[in-house]
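Chemist: File name data-v5.pdb; file contents PDB, C-alpha atoms; full text below.
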```pdb
ATOM      1  CA  MET A   1       1.124  16.621 -26.909
ATOM      2  CA  SER A   2      -2.165  14.757 -26.722
ATOM      3  CA  ASP A   3      -1.847  12.837 -29.987
ATOM      4  CA  ARG A   4       0.986  10.616 -28.809
ATOM      5  CA  SER A   5      -0.027   6.979 -28.486
ATOM      6  CA  LEU A   6       1.030   4.636 -25.708
ATOM      7  CA  LEU A   7       3.403   2.923 -28.133
ATOM      8  CA  SER A   8       5.732   5.913 -28.574
ATOM      9  CA  PRO A   9       7.463   6.212 -25.206
ATOM     10  CA  THR A  10       9.707   9.042 -24.093
ATOM     11  CA  GLY A  11      12.713   8.626 -21.795
ATOM     12  CA  VAL A  12      10.637   9.452 -18.722
ATOM     13  CA  ASP A  13       8.095   6.828 -19.757
ATOM     14  CA  ILE A  14      10.817   4.188 -20.019
ATOM     15  CA  VAL A  15      12.297   5.005 -16.602
ATOM     16  CA  PHE A  16       8.832   4.951 -15.060
ATOM     17  CA  ALA A  17       7.946   1.679 -16.774
ATOM     18  CA  LEU A  18      11.125   0.021 -15.485
ATOM     19  CA  LEU A  19      10.426   1.160 -11.910
ATOM     20  CA  ALA A  20       6.809   0.044 -12.261
ATOM     21  CA  ALA A  21       7.945  -3.367 -13.518
ATOM     22  CA  VAL A  22      10.164  -3.758 -10.426
ATOM     23  CA  ALA A  23       7.254  -2.720  -8.186
ATOM     24  CA  ILE A  24       4.787  -5.127  -9.817
ATOM     25  CA  THR A  25       7.208  -8.077  -9.894
ATOM     26  CA  SER A  26       8.157  -7.728  -6.248
ATOM     27  CA  ALA A  27       4.496  -7.223  -5.298
ATOM     28  CA  VAL A  28       3.732 -10.561  -6.959
ATOM     29  CA  ALA A  29       6.581 -12.058  -4.930
ATOM     30  CA  VAL A  30       5.021 -10.610  -1.743
ATOM     31  CA  VAL A  31       1.757 -12.448  -2.296
ATOM     32  CA  THR A  32       3.228 -15.716  -3.618
ATOM     33  CA  THR A  33       6.392 -16.401  -1.612
ATOM     34  CA  LYS A  34       6.390 -19.337   0.793
ATOM     35  CA  GLN A  35       8.531 -17.618   3.418
ATOM     36  CA  VAL A  36       6.957 -15.018   5.691
ATOM     37  CA  VAL A  37      10.132 -12.986   6.211
ATOM     38  CA  HIS A  38      10.845 -12.911   2.477
ATOM     39  CA  ALA A  39       7.393 -11.385   1.931
ATOM     40  CA  ALA A  40       8.343  -8.442   4.166
ATOM     41  CA  LEU A  41      11.653  -7.985   2.337
ATOM     42  CA  TRP A  42       9.949  -8.093  -1.089
ATOM     43  CA  LEU A  43       7.521  -5.516   0.268
ATOM     44  CA  VAL A  44      10.537  -3.247   0.886
ATOM     45  CA  VAL A  45      11.596  -3.617  -2.763
ATOM     46  CA  SER A  46       8.069  -2.969  -4.040
ATOM     47  CA  LEU A  47       7.431   0.107  -1.883
ATOM     48  CA  GLY A  48      10.904   1.456  -2.666
ATOM     49  CA  ALA A  49      10.224   1.170  -6.402
ATOM     50  CA  VAL A  50       6.908   2.971  -5.888
ATOM     51  CA  ALA A  51       8.844   5.748  -4.100
ATOM     52  CA  GLY A  52      11.052   5.961  -7.198
ATOM     53  CA  CYS A  53       7.909   6.295  -9.318
ATOM     54  CA  TYR A  54       6.802   9.216  -7.125
ATOM     55  CA  LEU A  55      10.178  10.866  -7.724
ATOM     56  CA  VAL A  56       9.750  10.476 -11.497
ATOM     57  CA  MET A  57       6.297  12.088 -11.170
ATOM     58  CA  THR A  58       7.884  15.113  -9.370
ATOM     59  CA  ALA A  59       6.189  14.198  -6.071
ATOM     60  CA  GLU A  60       9.385  14.496  -4.072
ATOM     61  CA  PHE A  61       7.910  14.986  -0.598
ATOM     62  CA  VAL A  62       5.503  12.048  -0.953
ATOM     63  CA  ALA A  63       8.434   9.898  -2.088
ATOM     64  CA  TRP A  64      10.455  10.684   1.025
ATOM     65  CA  MET A  65       7.398  10.178   3.229
ATOM     66  CA  GLN A  66       6.977   6.783   1.571
ATOM     67  CA  VAL A  67      10.600   5.871   2.316
ATOM     68  CA  LEU A  68      10.453   7.137   5.912
ATOM     69  CA  ILE A  69       7.058   5.771   6.951
ATOM     70  CA  TYR A  70       6.623   2.623   4.854
ATOM     71  CA  LEU A  71      10.180   1.377   4.506
ATOM     72  CA  GLY A  72      11.321   2.740   7.867
ATOM     73  CA  ALA A  73       8.379   2.180  10.163
ATOM     74  CA  VAL A  74       5.712  -0.091   8.705
ATOM     75  CA  VAL A  75       8.004  -2.883   7.493
ATOM     76  CA  VAL A  76       9.910  -2.877  10.794
ATOM     77  CA  LEU A  77       6.570  -3.080  12.641
ATOM     78  CA  LEU A  78       5.541  -6.016  10.433
ATOM     79  CA  LEU A  79       8.836  -7.795  11.131
ATOM     80  CA  PHE A  80       8.320  -7.220  14.864
ATOM     81  CA  GLY A  81       4.826  -8.659  14.530
ATOM     82  CA  MET A  82       6.268 -11.749  12.839
ATOM     83  CA  MET A  83       8.802 -12.210  15.618
ATOM     84  CA  LEU A  84       6.186 -11.824  18.351
ATOM     85  CA  THR A  85       3.753 -14.274  16.721
ATOM     86  CA  ARG A  86       6.591 -16.778  16.156
ATOM     87  CA  ALA A  87       6.230 -16.833  12.386
ATOM     88  CA  PRO A  88       7.884 -19.894  10.830
ATOM     89  CA  ILE A  89      11.451 -19.302   9.629
ATOM     90  CA  GLY A  90      11.986 -21.062   6.330
ATOM     91  CA  PRO A  91       9.472 -22.208   3.739
ATOM     92  CA  SER A  92       6.012 -23.264   4.889
ATOM     93  CA  ASP A  93       3.213 -24.564   2.689
ATOM     94  CA  ASP A  94       0.220 -23.450   4.765
ATOM     95  CA  LEU A  95       0.519 -19.712   4.068
ATOM     96  CA  THR A  96      -1.996 -19.917   1.235
ATOM     97  CA  GLY A  97      -5.609 -20.906   1.758
ATOM     98  CA  ALA A  98      -7.667 -23.426  -0.176
ATOM     99  CA  ASN A  99      -9.600 -20.869  -2.261
ATOM    100  CA  ARG A 100      -6.687 -20.021  -4.503
ATOM    101  CA  LEU A 101      -8.521 -20.248  -7.828
ATOM    102  CA  ALA A 102     -11.459 -18.159  -6.644
ATOM    103  CA  ALA A 103      -9.068 -15.507  -5.315
ATOM    104  CA  LEU A 104      -7.120 -15.519  -8.576
ATOM    105  CA  PHE A 105     -10.341 -15.135 -10.546
ATOM    106  CA  ALA A 106     -11.518 -12.224  -8.376
ATOM    107  CA  ALA A 107      -8.159 -10.454  -8.577
ATOM    108  CA  VAL A 108      -7.862 -10.907 -12.342
ATOM    109  CA  ALA A 109     -11.433  -9.658 -12.798
ATOM    110  CA  VAL A 110     -10.780  -6.537 -10.675
ATOM    111  CA  THR A 111      -7.513  -5.833 -12.497
ATOM    112  CA  ALA A 112      -8.977  -6.387 -15.951
ATOM    113  CA  VAL A 113     -12.015  -4.153 -15.378
ATOM    114  CA  LEU A 114      -9.932  -1.313 -13.916
ATOM    115  CA  ALA A 115      -7.204  -1.630 -16.562
ATOM    116  CA  VAL A 116      -9.685  -1.534 -19.446
ATOM    117  CA  LEU A 117     -11.344   1.472 -17.806
ATOM    118  CA  VAL A 118      -8.178   3.550 -17.380
ATOM    119  CA  VAL A 119      -6.727   2.630 -20.781
ATOM    120  CA  ASP A 120     -10.020   3.489 -22.467
ATOM    121  CA  ALA A 121     -10.352   6.788 -20.605
ATOM    122  CA  PHE A 122      -6.769   8.063 -20.558
ATOM    123  CA  ALA A 123      -4.999   6.329 -23.471
ATOM    124  CA  SER A 124      -3.762   9.565 -25.038
ATOM    125  CA  THR A 125      -3.615  11.824 -21.967
ATOM    126  CA  MET A 126      -0.210  13.206 -21.081
ATOM    127  CA  ILE A 127       1.000  14.597 -17.768
ATOM    128  CA  ASP A 128       3.636  17.292 -17.542
ATOM    129  CA  VAL A 129       6.554  16.238 -15.358
ATOM    130  CA  SER A 130       8.654  19.280 -16.205
ATOM    131  CA  GLY A 131       6.648  21.550 -13.910
ATOM    132  CA  GLU A 132       7.269  22.548 -10.307
ATOM    133  CA  VAL A 133       8.711  19.784  -8.129
ATOM    134  CA  SER A 134       6.607  19.185  -5.004
ATOM    135  CA  THR A 135       9.354  19.640  -2.457
ATOM    136  CA  ALA A 136       8.770  19.793   1.297
ATOM    137  CA  ASN A 137       8.510  23.556   0.887
ATOM    138  CA  VAL A 138       5.655  23.382  -1.644
ATOM    139  CA  MET A 139       3.833  20.569   0.150
ATOM    140  CA  GLY A 140       4.191  22.248   3.548
ATOM    141  CA  GLU A 141       2.637  25.398   2.167
ATOM    142  CA  ALA A 142      -0.274  23.438   0.662
ATOM    143  CA  LEU A 143      -0.802  21.347   3.801
ATOM    144  CA  PHE A 144      -0.745  24.236   6.264
ATOM    145  CA  ARG A 145      -2.618  26.696   4.061
ATOM    146  CA  TYR A 146      -5.455  24.554   2.696
ATOM    147  CA  TRP A 147      -5.426  21.296   4.657
ATOM    148  CA  VAL A 148      -4.928  22.412   8.261
ATOM    149  CA  LEU A 149      -8.159  20.972   9.653
ATOM    150  CA  PRO A 150      -7.756  17.472   8.121
ATOM    151  CA  PHE A 151      -4.113  17.555   9.206
ATOM    152  CA  GLU A 152      -5.054  18.253  12.832
ATOM    153  CA  ALA A 153      -7.852  15.672  12.734
ATOM    154  CA  LEU A 154      -5.254  13.204  11.513
ATOM    155  CA  SER A 155      -3.000  13.937  14.484
ATOM    156  CA  VAL A 156      -5.941  13.192  16.815
ATOM    157  CA  LEU A 157      -6.520   9.950  14.882
ATOM    158  CA  LEU A 158      -2.862   8.968  15.289
ATOM    159  CA  LEU A 159      -3.033   9.702  19.019
ATOM    160  CA  SER A 160      -6.156   7.583  19.436
ATOM    161  CA  ALA A 161      -4.571   4.763  17.427
ATOM    162  CA  LEU A 162      -1.555   4.934  19.760
ATOM    163  CA  VAL A 163      -3.732   4.837  22.877
ATOM    164  CA  GLY A 164      -5.797   2.030  21.380
ATOM    165  CA  ALA A 165      -2.722  -0.048  20.572
ATOM    166  CA  ILE A 166      -1.420   0.404  24.131
ATOM    167  CA  ALA A 167      -4.814  -0.479  25.622
ATOM    168  CA  LEU A 168      -5.058  -3.605  23.454
ATOM    169  CA  SER A 169      -1.583  -4.887  24.202
ATOM    170  CA  LYS A 170      -1.847  -4.365  27.971
ATOM    171  CA  THR A 171      -2.056  -7.710  29.747
ATOM    172  CA  ASP A 172      -4.653  -8.363  32.437
ATOM    173  CA  GLU A 173      -2.059  -9.150  35.099
ATOM    174  CA  GLU A 174      -0.677  -5.622  35.001
ATOM    175  CA  ALA A 175      -4.081  -3.939  35.051
TER     176      ALA A 175
ATOM    177  CA  MET B   1       4.794  11.305 -19.802
ATOM    178  CA  HIS B   2       1.668   9.187 -20.284
ATOM    179  CA  LEU B   3      -0.963   9.294 -17.558
ATOM    180  CA  CYS B   4      -1.745   5.668 -18.396
ATOM    181  CA  LEU B   5       1.498   4.280 -16.989
ATOM    182  CA  PRO B   6       1.036   5.339 -13.331
ATOM    183  CA  LEU B   7      -2.634   4.379 -13.537
ATOM    184  CA  LEU B   8      -1.742   0.910 -14.827
ATOM    185  CA  LEU B   9       0.824   0.557 -12.018
ATOM    186  CA  SER B  10      -1.896   1.575  -9.594
ATOM    187  CA  VAL B  11      -4.339  -0.974 -11.012
ATOM    188  CA  GLY B  12      -1.675  -3.694 -10.927
ATOM    189  CA  LEU B  13      -0.747  -3.079  -7.309
ATOM    190  CA  PHE B  14      -4.426  -2.975  -6.330
ATOM    191  CA  GLY B  15      -5.148  -6.261  -8.112
ATOM    192  CA  ILE B  16      -2.130  -8.033  -6.620
ATOM    193  CA  GLY B  17      -3.151  -6.749  -3.189
ATOM    194  CA  THR B  18      -6.665  -8.114  -3.758
ATOM    195  CA  TYR B  19      -5.252 -11.530  -4.590
ATOM    196  CA  GLY B  20      -3.036 -11.571  -1.486
ATOM    197  CA  LEU B  21      -5.873 -10.346   0.709
ATOM    198  CA  LEU B  22      -8.128 -13.182  -0.433
ATOM    199  CA  VAL B  23      -5.605 -16.002  -0.542
ATOM    200  CA  ARG B  24      -3.272 -15.554   2.422
ATOM    201  CA  ARG B  25      -3.943 -17.331   5.726
ATOM    202  CA  ASN B  26      -1.328 -15.623   7.909
ATOM    203  CA  ALA B  27      -2.883 -12.385   9.166
ATOM    204  CA  ILE B  28       0.385 -10.438   8.902
ATOM    205  CA  LEU B  29       0.595 -11.317   5.208
ATOM    206  CA  VAL B  30      -3.002 -10.089   4.852
ATOM    207  CA  LEU B  31      -1.912  -6.759   6.373
ATOM    208  CA  MET B  32       0.915  -6.592   3.815
ATOM    209  CA  SER B  33      -1.584  -7.102   1.002
ATOM    210  CA  VAL B  34      -3.668  -4.232   2.377
ATOM    211  CA  GLU B  35      -0.530  -2.092   2.265
ATOM    212  CA  LEU B  36      -0.077  -2.996  -1.404
ATOM    213  CA  MET B  37      -3.670  -1.951  -2.172
ATOM    214  CA  LEU B  38      -3.239   1.364  -0.326
ATOM    215  CA  ASN B  39      -0.062   1.977  -2.321
ATOM    216  CA  GLY B  40      -1.950   1.398  -5.547
ATOM    217  CA  VAL B  41      -4.484   4.030  -4.519
ATOM    218  CA  ASN B  42      -1.664   6.426  -3.580
ATOM    219  CA  VAL B  43      -0.022   6.069  -6.990
ATOM    220  CA  SER B  44      -3.221   7.090  -8.749
ATOM    221  CA  LEU B  45      -3.769  10.004  -6.317
ATOM    222  CA  VAL B  46      -0.286  11.360  -7.033
ATOM    223  CA  ALA B  47      -0.665  10.778 -10.791
ATOM    224  CA  PHE B  48      -3.924  12.736 -10.971
ATOM    225  CA  ASP B  49      -2.441  15.470  -8.787
ATOM    226  CA  VAL B  50       0.455  15.929 -11.208
ATOM    227  CA  TYR B  51      -2.020  15.808 -14.111
ATOM    228  CA  TRP B  52      -4.150  18.648 -12.727
ATOM    229  CA  ALA B  53      -1.247  20.534 -11.104
ATOM    230  CA  GLU B  54      -3.393  22.937  -9.056
ATOM    231  CA  ALA B  55      -2.343  25.012  -6.067
ATOM    232  CA  LEU B  56      -4.256  22.929  -3.504
ATOM    233  CA  ARG B  57      -2.051  19.876  -4.163
ATOM    234  CA  ALA B  58      -5.100  17.838  -3.203
ATOM    235  CA  GLY B  59      -3.875  14.490  -4.514
ATOM    236  CA  GLN B  60      -0.488  14.602  -2.869
ATOM    237  CA  SER B  61      -1.954  15.857   0.423
ATOM    238  CA  LEU B  62      -4.448  12.985   0.361
ATOM    239  CA  ALA B  63      -1.612  10.565  -0.439
ATOM    240  CA  ILE B  64       0.223  11.754   2.674
ATOM    241  CA  PHE B  65      -2.984  11.340   4.706
ATOM    242  CA  VAL B  66      -3.405   7.808   3.348
ATOM    243  CA  ILE B  67       0.203   6.955   4.286
ATOM    244  CA  THR B  68      -0.424   8.236   7.827
ATOM    245  CA  ILE B  69      -3.680   6.323   8.181
ATOM    246  CA  ALA B  70      -1.951   3.185   6.885
ATOM    247  CA  ALA B  71       0.667   3.559   9.618
ATOM    248  CA  ALA B  72      -2.064   3.906  12.256
ATOM    249  CA  GLU B  73      -3.863   0.897  10.782
ATOM    250  CA  ILE B  74      -0.728  -1.241  10.929
ATOM    251  CA  GLY B  75      -0.128  -0.269  14.571
ATOM    252  CA  LEU B  76      -3.675  -1.103  15.638
ATOM    253  CA  GLY B  77      -3.844  -4.198  13.429
ATOM    254  CA  LEU B  78      -0.681  -5.647  14.903
ATOM    255  CA  ALA B  79      -1.940  -4.956  18.437
ATOM    256  CA  ILE B  80      -5.146  -6.874  17.627
ATOM    257  CA  LEU B  81      -3.129  -9.702  16.053
ATOM    258  CA  LEU B  82      -0.872  -9.997  19.096
ATOM    259  CA  LEU B  83      -3.978 -10.195  21.306
ATOM    260  CA  LEU B  84      -5.394 -12.899  19.008
ATOM    261  CA  TYR B  85      -2.098 -14.788  19.138
ATOM    262  CA  ARG B  86      -1.986 -14.587  22.930
ATOM    263  CA  MET B  87      -5.549 -15.935  23.229
ATOM    264  CA  ARG B  88      -5.478 -18.578  20.464
ATOM    265  CA  GLY B  89      -1.829 -19.392  19.827
ATOM    266  CA  THR B  90      -2.324 -18.853  16.087
ATOM    267  CA  ILE B  91      -2.968 -15.972  13.694
ATOM    268  CA  ALA B  92      -4.365 -18.065  10.836
ATOM    269  CA  ILE B  93      -7.416 -16.062   9.860
ATOM    270  CA  ASP B  94      -9.526 -19.066   8.860
ATOM    271  CA  GLU B  95      -9.324 -20.385  12.419
ATOM    272  CA  ALA B  96     -10.857 -17.272  13.968
ATOM    273  CA  THR B  97     -14.411 -18.454  13.350
ATOM    274  CA  ASP B  98     -16.225 -17.418  16.550
ATOM    275  CA  LEU B  99     -18.553 -15.016  14.755
ATOM    276  CA  ARG B 100     -19.283 -17.430  11.935
ATOM    277  CA  GLU B 101     -22.854 -18.576  11.411
ATOM    278  CA  GLY B 102     -23.471 -22.003  12.926
ATOM    279  CA  SER B 103     -20.137 -22.234  14.727
ATOM    280  CA  PRO B 104     -20.169 -24.253  17.968
TER     281      PRO B 104
END
```
Mind turning the file's structure into structure tokens?
Modeler:
Amino acid sequence: MSDRSLLSPTGVDIVFALLAAVAITSAVAVVTTKQVVHAALWLVVSLGAVAGCYLVMTAEFVAWMQVLIYLGAVVVLLLFGMMLTRAPIGPSDDLTGANRLAALFAAVAVTAVLAVLVVDAFASTMIDVSGEVSTANVMGEALFRYWVLPFEALSVLLLSALVGAIALSKTDEEA
Amino acid sequence: MHLCLPLLLSVGLFGIGTYGLLVRRNAILVLMSVELMLNGVNVSLVAFDVYWAEALRAGQSLAIFVITIAAAEIGLGLAILLLLYRMRGTIAIDEATDLREGSP
């Protein structure tokens, strides 16, 4: 298994690579488009393709969580935020700051260092996607058997975030 | 399946998110870039979880925690942005310079 090189793909590899290409392309569109609303819609495509990648990697429950929370809740919240801050409809040229080249350099440097690192470390490592699928059943057992305390701490964090958001968006006239 | 592919996807999403985070002026687009970076991290968490395949399911549990925290972050972030918009009339992040050194 471990002597296969990156240049001899299997069917699973090809499916994953196609989904990853969709995710990367639409992510580039998110950060380069000139229309604010289009950025949110490209984000839907990118996160949906990432959910497909999770499905290929047998992480079924995480994939559905991704669809429910990111595509269902986060993107709708972002669109609401755009409406409430009167984001410009149609193309606008002032969405990108003046430090474009510096940002591009930093991003390319980060990507190059990390990519060289992972390719050097894991070039011939294989993962087994024919094992047990992480359904809601499996993940629920893991979460409530081994991760109960972090899970409960997380619910407190969500509650405090909710209270904080309400406290922040309360206007002074009503107080 | 190669472990390299999900890791390269993860690196790509993280790098693109870095670019958007540094270059965008509209604060909502900055939040979107942060989401892209968090997704990159999630992809590598899930990939390593499937690689090790142990009973704790640590990577996938952490990925779910990251998704939850990202949702909380978006809720709070948008509340702060709406407050900023109500006070300033703009959410361009390079105009929020009150804490900058030497600002009037």
Chemist: Report as a PyMOL selection string the full result of the PyMOL selection byres ((chain B) within 7 of (chain A)) when it is applied to this structure.
Modeler: chain B and resi 1-5+7-9+11-13+15-16+18-20+22-26+28+50-51+56-57+60-61+64+71-72+74-76+78-80+82-83+85
Chemist: Could you jot down the CA of Leu81 (chain B) to CA of Glu95 (chain B) separation for me, Å, one decimal place?
Modeler: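 Taking CA of Leu81 (chain B) as the start and CA of Glu95 (chain B) as the end point, the length is 12.9 Å.
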Chemist: Rounded to one decimal in Å, what is the spacing between CA of Gln35 (chain A) and CA of Asp93 (chain A)?
Modeler: 8.8 Å
Chemist: Quick one, how far is CA of Gly77 (chain B) from CA of Gly90 (chain A)?
Modeler: 24.2 Å
Chemist: Can you list, as a PyMOL selection string, every protein, DNA or RNA residue that comes within 7 Å of Gly17 (chain B) when you count all atoms listed in the file, leaving out same-chain residues fewer than 4 positions away?
Modeler: chain B and resi 13+21+33-34+36-37
Chemist: Assuming the input is short of atoms at region 135-147 of chain A, produce N, CA and C atoms for that part as a compact mmCIF listing (two decimals), in the frame of the given file.
Modeler:
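Output (selection.txt):
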```
# COMPACT_ATOMS: atom_id res chain seq x y z
N THR A 135 8.42 19.84 -3.56
CA THR A 135 9.35 19.64 -2.46
C THR A 135 8.62 19.80 -1.13
N ALA A 136 9.36 19.61 -0.03
CA ALA A 136 8.77 19.79 1.30
C ALA A 136 8.25 21.21 1.46
N ASN A 137 8.94 22.17 0.84
CA ASN A 137 8.51 23.56 0.89
C ASN A 137 7.11 23.73 0.30
N VAL A 138 6.94 23.24 -0.95
CA VAL A 138 5.66 23.38 -1.64
C VAL A 138 4.55 22.64 -0.90
N MET A 139 4.86 21.38 -0.51
CA MET A 139 3.83 20.57 0.15
C MET A 139 3.48 21.13 1.52
N GLY A 140 4.48 21.67 2.24
CA GLY A 140 4.19 22.25 3.55
C GLY A 140 3.26 23.44 3.41
N GLU A 141 3.51 24.25 2.38
CA GLU A 141 2.64 25.40 2.17
C GLU A 141 1.20 24.95 1.86
N ALA A 142 1.07 23.92 0.99
CA ALA A 142 -0.27 23.44 0.66
C ALA A 142 -0.95 22.84 1.89
N LEU A 143 -0.20 22.03 2.65
CA LEU A 143 -0.80 21.35 3.80
C LEU A 143 -1.25 22.34 4.85
N PHE A 144 -0.41 23.34 5.15
CA PHE A 144 -0.74 24.24 6.26
C PHE A 144 -1.54 25.45 5.82
N ARG A 145 -1.75 25.61 4.50
CA ARG A 145 -2.62 26.70 4.06
C ARG A 145 -4.02 26.20 3.77
N TYR A 146 -4.13 25.02 3.11
CA TYR A 146 -5.46 24.55 2.70
C TYR A 146 -5.93 23.33 3.46
N TRP A 147 -5.05 22.59 4.10
CA TRP A 147 -5.43 21.30 4.66
C TRP A 147 -5.17 21.23 6.15
```
